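One structure is given below, encoded as structure tokens.
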Amino acid sequence: MRLLRFFFIHSLRDMWRNRTRTLFALICVATGVAAVVALRSLAFMVADELTSNLAQMNRGDIRLAATRNAVGLVDRNTSGWAAFSTEAVAAMRDWARQEGVEITVARANWVTSIRQMVQGQTVKTTAVLALAIEPDLYPFYDSITLEDGRTLAEAFAGHAETALAARVAPSLSAIGALSAAPGAGAPGLAWATYPTYRISNARPVVISSNLRRESAAGLAEGDIVRIGASDVLYVVTGVVPASAESILSTPQTALLDFIYVPFSDLGVLRERPLPDQVFIKVPLERSVEAVDASLIAYLESHLQTEGDLDEKLSRITIVELEEENAETADVIDDMILVMGLSSLLIGGIGIINTMLVVVSRRTLEIAVLKTLGLKAYRVTALFLVEAALMGLIGSLFGVALGVLLSYLVKSVGEQAFGLTLVWRPYPEAMLSGLFLGMVITVLFGFLPTLVAGQVRPAIVLRPNEAQMPAAGLLQTLVTLLVMIGVLGLLVSSIVNDTITIDPVYMIVGGGALVGLFLGVIVANLGVGRPIPDYYVFRLPRRFERLENWITGAAGGVAGVLPVKGGRGLERRERGRAAITLGLRALRQTVLLYGALALGAALASGVMLIVAESWRPLQLGETKPAGAIWTAYEQGAAVWIGAWALLTGVFGLLIRWYGRALASVIALGTLGATAGGGIGLLAGRALSGLLDGTAFWQTLSAQATGIVLVEGALALLGAIFVGYWLLVWAIGKLPPVVLIGVVSVVVLAVVAAIGATVAARAPLAIAAVAALGVFSGAWWWQRKGASNPLPSPPPGWRDSAASAGPAAATLGTVLLSVALVLAGVLLAITQVIWLRWAGAAAGAVAFVLLWRALSRRFSVDARLILREMSGRRTRVASTLLGLSVGIAGLSLVSLTTGAVSHILEFQLSERAEGNLLVVTRAPQQAAAIRQTLDGLDGIEHYAQFTTYRAVLEAVNGEPPRFEHSGPFNFANSEEAEEDPFVMILSQRSSLEELPAYEMASGRRLLPSDAGKNLIMVRESFVTAHLGIRAGDRLQYRFRTRSDPDGLLLELEVVGVVKAQSAQAGFGDQFLLPPDTLPRTVEPLNIVTVVQVNEEDPAYMDQTLAALADVPGAVAIELGALTQLLKNLLEQLNAIPTLVAWLALLAGTAIIANTVALATQERRRQIGVMKAVGLKGWRVLGMLVVENGLIGLLAGLIGAGVGLLVTVAVVLASQSPEQLRELLELSTIAWLILLGIGVAIGAAMLSAWGAAAEKPMNVLRYE
Amino acid sequence: MTQTNGRRPILRATNLTKDLPLGPVVVHAVRGVDLEIYENEMVAIVGPSGSGKSTLLGLIGGLDTPTTGRIEIDGVDITNMSEGRLTEVRNEKIGFVFQFFNLIPTLTALENVALPIQFANRPKFHPEKRARELLELLGLGDRLHHRPMELSGGQQQRVAIARALANNPPLLLADEPTGNLDSVASEVVLEALRNVWRETGTTVVLVTHDRDLAARMGRVMELSDGRIVREYVPV
Ligand SMILES: Nc1ncnc2c1ncn2[C@@H]1O[C@H](COP(=O)(O)OP(=O)(O)O)[C@@H](O)[C@H]1O
Ligand SMILES: [Mg+2]
């Protein structure tokens, strides 16, 4: 207890003494925790919304929906949609009266059009969802209020004219639109100005507030409208907020704006007055279930139903809804929590880094404590207390921040889920944030503190050589295993039973981890002998002339390059240096590649052996002997052979000249693979032995989380190693390369700004001219500048090699900036040769800047590179943290961009038209053709019919979806029993099909009409079903006459390549015309129309004309595209939020890393300042170093997004499309964002470091 | 007192004081020091630990600014110079050698020595060539590409001396250069310093608490409690 108090006080004092460091560590934890708390609160807000107001959401206690399954209840004559028959409704009403419950009916699936009428003419036609309701009853719970506070019932009450006159007329007269009032009292009637129509004809309609937008219908209260094909006039008597119908109450409203019409008006509107929804309100004291059962019993006894109506009648009671929504809320919560964890894990990196520094800074103190008798585990405990304290304080901050943040992210949630959310603090979210924050900090802080325990007391004797000890590999392994266990249990509890993974894989992962460590341990025992770090190119004496010749030539070449190192050296010496450098780089590459190749080759060897040993060991009947070998098949063996040979050579090289790194990689990989293989064997053996026992079951329950953690760790580990190697390789680059990169970035930014400003051309030109003159002045000043220093020593070439006065460098920088700006101005002209001149100016500017900066700043660049590679572990982890956020953002933004472009493209360019007309009945299709034929401005149109069909057999066998891999999604079994429903389409003519690229078979030809053929397009589905040309597919179609439908066998005439051109809609499964008998019921009939776009009047006229065809809905493609884009944005809201939060955590890491690095480098910075480095250059170095990290993170992050986007695009589009679909500006922005975030975060702590007092070098701690 | 033996003073300080805040109290680390050091002298400042030697060295080396007083280096008044100008002066006129070597760990010996030349506004030497020459002069010709970690303490200190000499400064300041070395290495470093002094004509100011060491310099100033209490030429 005493000890613990000592620990606490000691830790607190240490944290306070290093306030800056502590602060940045706390920020890391806090941002992560804040992300968790905010996201979790969001999930709870959604859950609240989902689970409260259930009856309101359900519009009643029981909600019935008409489906075809409910035979006996649905009307047989509706085409394409299901409605309750008149008898069924009557029966329900009887039952309700008898039962004493309330009932109301509605139709919620009627998509039609609304036309605004002015002076008897249609001015605008818009597609809408018309909700036909009984205004006095709907909804049963919590009435719908109009924007002006009236209820829905009031808006429909009485006659439209009296309802409206008092309300609208004053406002209309105010704008002078009204003539004098003919009636008493009321000042005038708006509609009296329309000569053709009489107001007394108008009926009331209520619209959603969205329809008021100009981009939608542009309607206002008081407007005269027509609905659908009916010529009855309606008047808008009220506007309800768009939120009156939510995605939860009426999902269709997510896609279309809605209007309310009285159910009793359906007849007038030329629609059959049949409902597809019935809402029932149960009195409070009655049980909903009992009422539900009574309804089913009543209907079964009074109507001619078939089968179990309880099962077949689709309905939702609030009891079920509650369960369902609670489940949904749970899933959302889990999903969001997992996403939030990513931010917290990034924050954890900050803790690792901080604790490592804490330990390394205090090695001496630890050593002293140890000589005084403090045991190793207590040292570890001491540091763990500090980590835990930081975790606690950071988490508390994080919770506070998270609660604030949750208020801000509320709107994101509203957008994503289409709900109105209510914010409040959620204690559970706060507690979980606190808990997770603590757990992660302690877990992540543990490894470094383990290191602390390893400090040898002997270092007290040589304090200035105090070095970080390496944690024992074995201890690290044990820690990792424990960490995996703990995190695994945590994850297991989160994923619950959504996924289950075989515990064998858990053992595989554990085996791989143990193997990896064994490999590294063996490598550390000293395989290979290190070669000296420096090596100079030199041939034996005999070849002196040859050597001179080679070095001379190389020196000549090197002299031309702006490499500072070689300047002033004698030519041959320079050549020797250059060759040496090249050879060294080559050797490094060879060694690294060799190590990787060796590891991989050995790994595949082990895999092969394991695969072969399956059968002899009787461990897995599922895998026949040689399974992996056969997978390699087809020439792969040759590659493996070649690889093995190459590997042999490199293996020997490594053996002789091996660096520790190379052998660690090679043996580590080998160990991991072997361990994994052994784990697989052991796991299978165990599962064979133990399957069914209680122990195995407990193991299985926890395995999923552990495998997920192992997988995540493996992935992160692989990425981390990749970054580590990358940083290592970058550290080896010559400084001029770094300066080149900086020059490019600077000039690119200048060019981008220039291009933006260039819009205001005169200003820009003036600026460039001024800048040019200015820099020219500097340039000249440089020439005339007197040299105040003694003439340079002999052998030292003059100004060409010396840096020259600072003014000259500045002058050159300004000149190159001016050149680039001029180049931009030239490049944005349309003249091709001017553009080339602009590009040339840019190139010249680059060379100028590069040379000028190289001369002056190559030391700085070298210091930066050395610093980075000296701290590669931390730089790599920082890079990891930052790149995750940017990768997330780029994934979201690039794919969204590409997908919405594809959508637009598909819809506008490939759709063969700009207007879609959807109908459900074949007669209407004919009416549409007739209407279109009689209109002006129709360029062409095509009609096709879609059918819903169940695939029953492929070549006589029932279709089967292959399931593979370790993942077993909980509901996949149900999914397998689901029928294979497909949407097939049939074109009215095959004449205009595009030139398809076929994967197999041939395309459909006009002569195929009437034949039982089908052409399919490659897709996920066809790939899994393995469909090829010549296959016979059996489909069951729904028909009007036969309840069993019609079974039809179609032969696959050809398979179209996925990337091939597309024909409008639905050539996924294409049938020739006249193949199906007329009795087959279509899903819908789509007419794609190309309307003349030169005069918008054509479109208006067409829309108006089509609105006259009953049952037809015309939608402009532009509107549809917008709709889909909105939907896409909605889907992306949460991932975008998470990516931003991850980026925030990444920023915290960068700030933390810089704070740590500058603190560690205080002495070094002091020394450099003492020997003549100016403060701004220190700052510059820190900025460039972190800017470079940001640039790398940006490049990698954007690259990830780019790769995925390219993959997505290529899956469905031709490669030529790529350039159009990729948003290059987004990529540039992401990279800039990376640089900006890194530099910004670095600045937070770099100011202090740059101002470091050089006096500190004379003081020793 | 401006001229002694007709030699030019390379460093002149008058009435230097330095007060350092230490929590609520103020430490008077240097209390009114006057000193003059001439071209090609080898001077020791000796005094017990805590007597203000390092503080004084920091002041005359332009690492810190005095509370009161005036400092002139090579005829230039640095008392009220901006930090930027001071940095240039340090770079051109002063070489530093520290007790704990203070080499940049990520750079090789050669790169460490080349550093001050590369930091210069207008370099006077070819960095690598000069660094190579200096390291060879100090007997480290075969250690050019070694990192500080790969060198012994004595070797590190010699690299530090080479670095201090990189820009051929008129003044070399050393704070306990042998304080962290064993007797053999100390001897080597001291010999190196004497060599440098002889061959380059640089003025050397060496700070130490070791009277025997001080006695081997050309002139000794004894510091106690921030004041110069004695000044003598050892025999
Ligand atoms: N940063 C500082 N803050 C306060 N007092 C200091 C500081 N540095 C040194 N001192 C005090 O100044 C006096 C002189 O220190 P210093 O010049 O380092 O002595 P020496 O180098 O002779 O051992 C000492 O009493 C020391 O405690
Ligand atoms: Mg001292």
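Letters for chains follow the order of the structure tokens (A, B, ...), residue numbers begin at 1 for each chain, and ligand numbers begin at 1 in the order shown.
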
Using only C-alpha atoms and all ligand atoms, what table do you get, as a tab-separated table, when you list each residue of chain A with an atom no more than 9 Å from ligand 1, its nearest pair of atoms, and their distance in Å rounded to one decimal, rows by chain then rising number?
```
residue	atom	partner	partner_atom_place_in_ligand_line	distance
A:Met1255	CA	ligand 1	1 (N)	8.9
A:Asn1256	CA	ligand 1	1 (N)	8.0
A:Leu1258	CA	ligand 1	18 (O)	7.5
A:Arg1259	CA	ligand 1	18 (O)	6.6
A:Tyr1260	CA	ligand 1	18 (O)	8.8
```

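The strand (DSSP E or B) portion of stretch 75-227 of chain B consists of B:Val76, B:Asp77, B:Ile94, B:Gly95, B:Phe96, B:Val97, B:Leu171, B:Leu172, B:Leu173, B:Ala174, B:Asp175, B:Thr203, B:Val204, B:Val205, B:Leu206, B:Val207, B:Thr208, B:Arg219, B:Val220, B:Met221, B:Glu222, B:Leu223, B:Ser224, B:Arg227, with states taken from DSSP on the backbone.
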
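You can rank B:Val204, B:Leu181, B:Val188, B:Val33 by their closest distance to chain A using only C-alpha atoms, and at the top of that list sits B:Leu181.
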
Problem set entry | alpha helix (DSSP H) per DSSP on the backbone: members of stretch 262-420 of chain A, as a ChimeraX atom specification | /A:288-302,309-312,318-361,363-371,376-417

For this session: Find the spatial neighbours of A:Gln923, counting only C-alpha atoms, within a cut-off of 12 Å - ignore same-chain residues fewer than 3 positions away - and output them as a VMD selection string.
Result: chain A and resid 79 919 to 920 926 to 930 1078 1082 1084 to 1085 1109 to 1112

Exercise. Once you count only C-alpha atoms and all ligand atoms, which residues end up within 7 Å of ligand 2, and could you hand them over as an MDAnalysis selection string?
Worked result: (chainID A and resid 1258) or (chainID B and resid 49:50 53:54 175)

How about saving the chosen residues, N, CA, C and O atoms kept, as a compact mmCIF listing (two decimals), in the first residue's frame?
```
# COMPACT_ATOMS: atom_id res chain seq x y z
N LEU A 1258 25.12 23.10 -22.07
CA LEU A 1258 26.14 23.12 -21.03
C LEU A 1258 25.61 22.57 -19.72
O LEU A 1258 26.31 22.47 -18.74
N SER B 49 33.15 22.95 -8.38
CA SER B 49 31.84 22.72 -8.99
C SER B 49 30.85 23.76 -8.48
O SER B 49 30.81 24.04 -7.28
N GLY B 50 30.08 24.31 -9.36
CA GLY B 50 29.06 25.28 -8.96
C GLY B 50 29.59 26.69 -8.83
O GLY B 50 28.87 27.59 -8.42
N LYS B 53 31.47 28.40 -13.69
CA LYS B 53 32.33 28.28 -14.87
C LYS B 53 31.52 28.10 -16.15
O LYS B 53 31.72 28.80 -17.14
N SER B 54 30.62 27.13 -16.10
CA SER B 54 29.83 26.85 -17.31
C SER B 54 29.00 28.06 -17.70
O SER B 54 28.87 28.40 -18.87
N ASP B 175 34.34 23.07 -22.31
CA ASP B 175 33.79 22.95 -20.95
C ASP B 175 34.08 21.55 -20.43
O ASP B 175 33.46 20.59 -20.87
```

Exercise. Quick one: residues within 6 Å of stretch 146-163 of chain B, only C-alpha atoms counted, chain neighbours fewer than 6 positions away excluded, as a VMD selection string?
Worked result: chain B and resid 97 101 105 108 to 109 113 134 185

Output as JSON lines one row per residue of chain B within 7 Å of chain A: the closest atom pair and its distance in Å to one decimal place, counting only C-alpha atoms, sorted by chain and residue number ascending.
```
{"residue": "B:Ser54", "atom": "CA", "partner": "A:Leu1258", "partner_atom": "CA", "distance": 6.4}
{"residue": "B:Gly58", "atom": "CA", "partner": "A:Met1255", "partner_atom": "CA", "distance": 6.2}
{"residue": "B:Leu63", "atom": "CA", "partner": "A:Met1255", "partner_atom": "CA", "distance": 5.0}
{"residue": "B:Asp64", "atom": "CA", "partner": "A:Met1255", "partner_atom": "CA", "distance": 5.8}
{"residue": "B:Gly84", "atom": "CA", "partner": "A:Lys1174", "partner_atom": "CA", "distance": 6.1}
{"residue": "B:Thr87", "atom": "CA", "partner": "A:Gly1172", "partner_atom": "CA", "distance": 4.9}
{"residue": "B:Glu88", "atom": "CA", "partner": "A:Gly1172", "partner_atom": "CA", "distance": 5.8}
{"residue": "B:Arg90", "atom": "CA", "partner": "A:Gly1172", "partner_atom": "CA", "distance": 5.7}
{"residue": "B:Asn91", "atom": "CA", "partner": "A:Gly1172", "partner_atom": "CA", "distance": 4.1}
{"residue": "B:Asn102", "atom": "CA", "partner": "A:Val1167", "partner_atom": "CA", "distance": 6.7}
{"residue": "B:Ile104", "atom": "CA", "partner": "A:Gln1164", "partner_atom": "CA", "distance": 6.5}
{"residue": "B:Thr106", "atom": "CA", "partner": "A:Arg866", "partner_atom": "CA", "distance": 5.7}
{"residue": "B:Pro116", "atom": "CA", "partner": "A:Val1171", "partner_atom": "CA", "distance": 5.7}
{"residue": "B:Gln118", "atom": "CA", "partner": "A:Val859", "partner_atom": "CA", "distance": 6.3}
{"residue": "B:Phe119", "atom": "CA", "partner": "A:Leu1173", "partner_atom": "CA", "distance": 5.7}
{"residue": "B:Ala120", "atom": "CA", "partner": "A:Gly1172", "partner_atom": "CA", "distance": 6.9}
{"residue": "B:Asn121", "atom": "CA", "partner": "A:Pro805", "partner_atom": "CA", "distance": 6.4}
{"residue": "B:Arg122", "atom": "CA", "partner": "A:Gly804", "partner_atom": "CA", "distance": 5.6}
{"residue": "B:Pro123", "atom": "CA", "partner": "A:Ser802", "partner_atom": "CA", "distance": 6.5}
{"residue": "B:Lys124", "atom": "CA", "partner": "A:Pro792", "partner_atom": "CA", "distance": 5.8}
{"residue": "B:Phe125", "atom": "CA", "partner": "A:Pro793", "partner_atom": "CA", "distance": 6.7}
{"residue": "B:His126", "atom": "CA", "partner": "A:Trp796", "partner_atom": "CA", "distance": 6.3}
{"residue": "B:His145", "atom": "CA", "partner": "A:Tyr534", "partner_atom": "CA", "distance": 6.8}
```

Could you write out the selected residues, including N, CA and C atoms, as a short mmCIF file (atom, residue, chain, number, x, y, z; two decimals), in the first residue's frame?
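Generated output (out.cif):
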```
data_model
loop_
_atom_site.label_atom_id
_atom_site.label_comp_id
_atom_site.auth_asym_id
_atom_site.auth_seq_id
_atom_site.Cartn_x
_atom_site.Cartn_y
_atom_site.Cartn_z
N SER B 54 30.62 27.13 -16.10
CA SER B 54 29.83 26.85 -17.31
C SER B 54 29.00 28.06 -17.70
N GLY B 58 29.23 29.95 -21.18
CA GLY B 58 28.05 30.16 -22.02
C GLY B 58 27.91 31.61 -22.44
N LEU B 63 26.17 31.73 -26.05
CA LEU B 63 25.06 30.78 -25.91
C LEU B 63 23.96 31.39 -25.06
N ASP B 64 24.33 32.38 -24.29
CA ASP B 64 23.39 32.98 -23.36
C ASP B 64 23.71 34.47 -23.31
N GLY B 84 19.62 35.44 -34.02
CA GLY B 84 20.05 35.04 -35.36
C GLY B 84 21.49 35.44 -35.63
N THR B 87 23.92 33.41 -33.62
CA THR B 87 24.16 32.08 -34.18
C THR B 87 25.25 32.16 -35.25
N GLU B 88 25.19 33.21 -36.05
CA GLU B 88 26.22 33.36 -37.09
C GLU B 88 27.59 33.55 -36.46
N ARG B 90 28.59 32.52 -33.52
CA ARG B 90 29.04 31.23 -32.98
C ARG B 90 29.59 30.35 -34.08
N ASN B 91 28.89 30.40 -35.21
CA ASN B 91 29.29 29.55 -36.32
C ASN B 91 30.66 29.93 -36.87
N ASN B 102 28.44 15.57 -27.11
CA ASN B 102 27.33 16.16 -27.87
C ASN B 102 27.47 16.05 -29.37
N ILE B 104 26.13 14.50 -32.96
CA ILE B 104 24.80 14.10 -33.44
C ILE B 104 24.86 12.59 -33.72
N THR B 106 23.11 10.41 -35.18
CA THR B 106 22.73 9.79 -36.45
C THR B 106 23.72 10.09 -37.56
N PRO B 116 29.23 22.30 -39.10
CA PRO B 116 29.29 23.77 -38.97
C PRO B 116 29.59 24.46 -40.30
N GLN B 118 28.58 23.44 -43.20
CA GLN B 118 27.35 23.43 -43.98
C GLN B 118 26.28 24.35 -43.41
N PHE B 119 26.39 24.63 -42.12
CA PHE B 119 25.43 25.56 -41.53
C PHE B 119 25.77 27.00 -41.87
N ALA B 120 27.02 27.23 -42.30
CA ALA B 120 27.47 28.60 -42.51
C ALA B 120 26.67 29.27 -43.61
N ASN B 121 26.50 30.58 -43.45
CA ASN B 121 25.81 31.35 -44.47
C ASN B 121 26.57 31.30 -45.79
N ARG B 122 27.90 31.38 -45.66
CA ARG B 122 28.74 31.40 -46.85
C ARG B 122 29.96 30.55 -46.52
N PRO B 123 29.87 29.27 -46.81
CA PRO B 123 30.91 28.34 -46.37
C PRO B 123 32.30 28.74 -46.88
N LYS B 124 33.27 28.58 -45.98
CA LYS B 124 34.63 28.94 -46.35
C LYS B 124 35.40 27.74 -46.87
N PHE B 125 34.92 26.55 -46.59
CA PHE B 125 35.66 25.35 -46.96
C PHE B 125 34.75 24.37 -47.67
N HIS B 126 35.39 23.44 -48.36
CA HIS B 126 34.61 22.31 -48.86
C HIS B 126 34.34 21.40 -47.67
N HIS B 145 33.86 7.19 -41.18
CA HIS B 145 32.47 6.82 -41.44
C HIS B 145 31.82 6.10 -40.27
#
```

For this session: Quote the spacing between atom CA of A:Ile902 and atom CA of A:Leu916 in Å to one decimal place.
Result: 17.9 Å

Problem set entry | B:Gly75 environment, 10 Å, only C-alpha atoms, sequence neighbours closer than 4 positions dropped, as a PyMOL selection string | chain B and resi 8-12+71

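Distances from A:Leu879, A:Leu1076, A:Leu546, A:Ile507 to A:Gly677 were compared using only C-alpha atoms, and the smallest one belongs to A:Ile507.
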
For this session: Show which residues sit within 7 Å of stretch 717-725 of chain A, as a ChimeraX atom specification. Count only C-alpha atoms, and ignore same-chain residues fewer than 6 positions away.
Result: /A:872-873,876-877,880

For this session: Write out as number ranges by chain which residues come within 12 Å of A:Ala229 when counting only C-alpha atoms, dropping same-chain ones fewer than 2 positions away.
Result: A: 111-115, 125, 225-227, 231-233, 266-271, 924, 1103-1114

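Closest approach to B:Gly32 from the set B:Asp19, B:Glu187, B:Glu199, B:Glu128 is made by B:Asp19, with distances taken over only C-alpha atoms.
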
Exercise. Which is closer to A:Val486 than all the others in A:Leu389, A:Leu443, A:Val1209, A:Leu434, using only C-alpha atoms?
Worked result: A:Leu443

For this session: Quote the spacing between atom CA of A:Ala290 and atom CA of A:Pro135 in Å to one decimal place.
Result: 27.6 Å

For this session: For atom CA of A:Met998 and atom CA of A:Leu1210, determine how far apart the two atoms are, in Å to one decimal place.
Result: 16.2 Å
